[in-house]
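Working notes, beginning with the structure itself.
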Amino acid sequence: MRKYLISSVFLLAITSIIYSCQSQEKMDLQNYIASGRDIYIAKCQNCHGEKGEGLGELAPPLTDSLFIKANKSRLACFVKNGVNEPLVVHGKEYKEKMPAFPELTNIEVAQVLVFITNSFGNKEGFYSYDQVSADLIDCRK
Amino acid sequence: MNKIIITTSICLTLIISLSSCQQDKKLPFYGERHAETVRDAAGIEKIDTVYQTIPNWSFLNQDSVVTTNKLTDGKVYIADFFFTSCTTICPTMHRNLLTVYNDFQNNPDVMFVSHTIDFKYDKPSALKKYAKKLGVEGPRWTFLYGSKDSIYTIAEKSYLVAVGEDNKAKDGYIHQGYLVLVDKDRHIRGAYDGTKVEQVDQLKKDISILLAEKK
């Protein structure tokens with residue numbers, strides 16, 4: 001009887017730890033999305049649009065989920081250093097320049113990226129600021 | 001009984017005054033004005049108000065063709081100041097202006113005139129590329145290039161929009177994102193912040209009012 005009790009308490013503890021971890025990550029996700037939305041409105045929406053629709057051939061849309069998925073590890077570099085190479089988005093080639101945002105901290109980069117990669121039809125989940133630092137090391141390749 | 005009569009009459013007056021308001025709804029005139037003595041058609045002298053008027057202008061358009069105020073004379077037009085490498089307010093301004101352009105696409109009496117303030121880089125060929133990428137082709141929306149002096153003077157003195165070079169600004173220039181509404185007689189009738197959707201919606205309404213104004 002006692003054994004049962006101990007093991008069930010133990011189990012309960014484990015599940016609650018796992019559960020709280022999960023909801024912690026979910027909360028982080030929600031927080032990042034909320035802060036990221038503010039950064040997006042302030043810094044990105046002028047070019048990429050309220051619904052991520054882009055602006056003619058001047059700025060590509062952020063709605064190409066396949067592009068986003070395939071280039072996920074490069075997105076931090078795009079934001080921090082700007083883009084000055086042709087990109088193919090939704091099958092169309094863009095040859096414009098995107099400005100760099102060196103003033104954004106790694107956590108802000110993570111927040112705005114979590115926002116865009118979980119909006120406009122994208123669903124990439126969480127992306128931590130540690131990952132931003134890691135991705136930024138590999139930028140110039 | 002008395003009460004009913006009073007309320008109905010109040011209501012009636014309200015309705016009448018409201019509807020009469022709507023009938024002669026006119027847009028204000030912007031800028032300086034002065035009184036002048038003029039002779040009317042019959043040669044009788046009278047005092048008239050002269051409103052600020054956009055002077056004659058002549059710039060190169062995106063096809064490198066000399067373009068003058070003849071393009072817009074007798075039409076309602078919206079003027080703005082921007083530059084193609086602007087990464088801050090210009091994309092928003094032109095995204096919003098594009099909705100106005102599309103709303104009035106069947107009306108050749110509504111024109112759009114965008115002046116670049118980047119006299120170094122935005123030569124007509126750069127403007128042409130920009131227009132195409134924005135999705136604008138045809139004569140209704142013209143992009144104009146001029147010398148620094150001519151553009152900066154017409155911006156500040158005539159259209160009342162502040163522009164300037166600034167090394168500290170993100171893209172090297174500072175300017176206001178106004179969309180300036182000009183009537184058939186070259187008077188300024190409205191100025192709207194092109195980065196704010198509500199103001200751009202107001203611009204759309206005001207264009208219709210201006211088109212309906214009696215000449």
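Lettering and numbering for the structure tokens are positional, with chains as A, B, ... in the shown order, residues counted from 1 in each chain, and ligands counted from 1 in the shown order.
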
Please identify every residue of chain A that has at least one atom no farther than 7 Å from an atom of chain B, counting only C-alpha atoms, and for each give the shortest atom pair and the distance in Å to one decimal, arranged by chain then increasing number, as CSV.
```
residue,atom,partner,partner_atom,distance
A:Asn46,CA,B:Thr92,CA,4.7
A:Cys47,CA,B:Pro91,CA,5.7
A:Leu55,CA,B:Leu134,CA,6.9
A:Gly56,CA,B:Leu134,CA,4.9
A:Glu57,CA,B:Lys133,CA,4.6
A:Leu58,CA,B:Lys133,CA,5.7
```

### Message
Which residues are near Lys80 in chain A? Cut-off 10 Å, only C-alpha atoms, ignore same chain within fewer than 3 positions. Put them as a VMD selection string.
### Response
chain A and resid 75 to 77 83 99 to 106 109 132 136 139

Using DSSP secondary structure from the backbone, list all strand (DSSP E or B) positions within range 63-119 of chain A, as a VMD selection string. chain A and resid 83 87 to 89 92 to 94 98

Output of the above residues as a PDB file, in the first residue's frame, restricted to all heavy atoms:
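Written file, out.pdb:
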```
ATOM      1  N   VAL A  83      19.167  41.700 -46.166  1.00  0.00           N
ATOM      2  CA  VAL A  83      19.238  40.746 -47.276  1.00  0.00           C
ATOM      3  C   VAL A  83      19.712  41.500 -48.515  1.00  0.00           C
ATOM      4  O   VAL A  83      19.177  42.547 -48.846  1.00  0.00           O
ATOM      5  CB  VAL A  83      17.856  40.113 -47.583  1.00  0.00           C
ATOM      6  CG1 VAL A  83      17.987  39.062 -48.687  1.00  0.00           C
ATOM      7  CG2 VAL A  83      17.246  39.515 -46.337  1.00  0.00           C
ATOM      8  N   LEU A  87      16.107  36.274 -53.791  1.00  0.00           N
ATOM      9  CA  LEU A  87      15.381  35.211 -53.090  1.00  0.00           C
ATOM     10  C   LEU A  87      14.170  34.830 -53.935  1.00  0.00           C
ATOM     11  O   LEU A  87      13.557  35.687 -54.563  1.00  0.00           O
ATOM     12  CB  LEU A  87      14.877  35.703 -51.732  1.00  0.00           C
ATOM     13  CG  LEU A  87      15.889  36.090 -50.659  1.00  0.00           C
ATOM     14  CD1 LEU A  87      15.156  36.597 -49.422  1.00  0.00           C
ATOM     15  CD2 LEU A  87      16.793  34.919 -50.301  1.00  0.00           C
ATOM     16  N   VAL A  88      13.845  33.546 -53.941  1.00  0.00           N
ATOM     17  CA  VAL A  88      12.649  33.109 -54.660  1.00  0.00           C
ATOM     18  C   VAL A  88      11.564  32.777 -53.641  1.00  0.00           C
ATOM     19  O   VAL A  88      11.707  31.863 -52.839  1.00  0.00           O
ATOM     20  CB  VAL A  88      12.943  31.885 -55.549  1.00  0.00           C
ATOM     21  CG1 VAL A  88      11.659  31.418 -56.228  1.00  0.00           C
ATOM     22  CG2 VAL A  88      14.001  32.231 -56.591  1.00  0.00           C
ATOM     23  N   VAL A  89      10.493  33.566 -53.660  1.00  0.00           N
ATOM     24  CA  VAL A  89       9.388  33.401 -52.712  1.00  0.00           C
ATOM     25  C   VAL A  89       8.108  33.194 -53.510  1.00  0.00           C
ATOM     26  O   VAL A  89       7.815  33.984 -54.415  1.00  0.00           O
ATOM     27  CB  VAL A  89       9.265  34.649 -51.804  1.00  0.00           C
ATOM     28  CG1 VAL A  89       8.108  34.481 -50.828  1.00  0.00           C
ATOM     29  CG2 VAL A  89      10.564  34.907 -51.057  1.00  0.00           C
ATOM     30  N   LYS A  92       8.414  33.453 -57.202  1.00  0.00           N
ATOM     31  CA  LYS A  92       8.794  34.712 -57.853  1.00  0.00           C
ATOM     32  C   LYS A  92      10.140  35.177 -57.308  1.00  0.00           C
ATOM     33  O   LYS A  92      10.396  35.093 -56.106  1.00  0.00           O
ATOM     34  CB  LYS A  92       7.737  35.790 -57.561  1.00  0.00           C
ATOM     35  CG  LYS A  92       6.925  36.092 -58.807  1.00  0.00           C
ATOM     36  CD  LYS A  92       5.799  37.086 -58.654  1.00  0.00           C
ATOM     37  CE  LYS A  92       5.986  38.333 -57.871  1.00  0.00           C
ATOM     38  NZ  LYS A  92       4.706  39.072 -57.739  1.00  0.00           N
ATOM     39  N   GLU A  93      10.976  35.685 -58.218  1.00  0.00           N
ATOM     40  CA  GLU A  93      12.291  36.126 -57.761  1.00  0.00           C
ATOM     41  C   GLU A  93      12.257  37.587 -57.307  1.00  0.00           C
ATOM     42  O   GLU A  93      11.714  38.440 -58.002  1.00  0.00           O
ATOM     43  CB  GLU A  93      13.331  35.956 -58.869  1.00  0.00           C
ATOM     44  CG  GLU A  93      14.725  36.252 -58.361  1.00  0.00           C
ATOM     45  CD  GLU A  93      15.817  35.971 -59.391  1.00  0.00           C
ATOM     46  OE1 GLU A  93      15.645  36.357 -60.548  1.00  0.00           O
ATOM     47  OE2 GLU A  93      16.845  35.369 -58.995  1.00  0.00           O
ATOM     48  N   TYR A  94      12.832  37.865 -56.155  1.00  0.00           N
ATOM     49  CA  TYR A  94      12.945  39.226 -55.634  1.00  0.00           C
ATOM     50  C   TYR A  94      14.410  39.615 -55.619  1.00  0.00           C
ATOM     51  O   TYR A  94      15.248  38.859 -55.138  1.00  0.00           O
ATOM     52  CB  TYR A  94      12.349  39.311 -54.225  1.00  0.00           C
ATOM     53  CG  TYR A  94      10.853  39.120 -54.230  1.00  0.00           C
ATOM     54  CD1 TYR A  94      10.297  37.840 -54.266  1.00  0.00           C
ATOM     55  CD2 TYR A  94       9.998  40.204 -54.238  1.00  0.00           C
ATOM     56  CE1 TYR A  94       8.921  37.655 -54.302  1.00  0.00           C
ATOM     57  CE2 TYR A  94       8.623  40.039 -54.264  1.00  0.00           C
ATOM     58  CZ  TYR A  94       8.089  38.763 -54.297  1.00  0.00           C
ATOM     59  OH  TYR A  94       6.734  38.596 -54.330  1.00  0.00           O
ATOM     60  N   MET A  98      16.845  44.220 -48.395  1.00  0.00           N
ATOM     61  CA  MET A  98      16.149  44.444 -47.131  1.00  0.00           C
ATOM     62  C   MET A  98      17.149  45.071 -46.170  1.00  0.00           C
ATOM     63  O   MET A  98      18.291  44.639 -46.112  1.00  0.00           O
ATOM     64  CB  MET A  98      15.633  43.120 -46.574  1.00  0.00           C
ATOM     65  CG  MET A  98      15.183  43.228 -45.133  1.00  0.00           C
ATOM     66  SD  MET A  98      14.160  41.877 -44.615  1.00  0.00           S
ATOM     67  CE  MET A  98      14.668  41.742 -42.904  1.00  0.00           C
TER      68      MET A  98
END
```

Assign secondary structure with DSSP using the backbone only, and return the residues of range 44-201 of chain B in helix (DSSP H, G or I) as a ChimeraX atom specification. /B:69-71,89-103,124-134,148-158,197-201
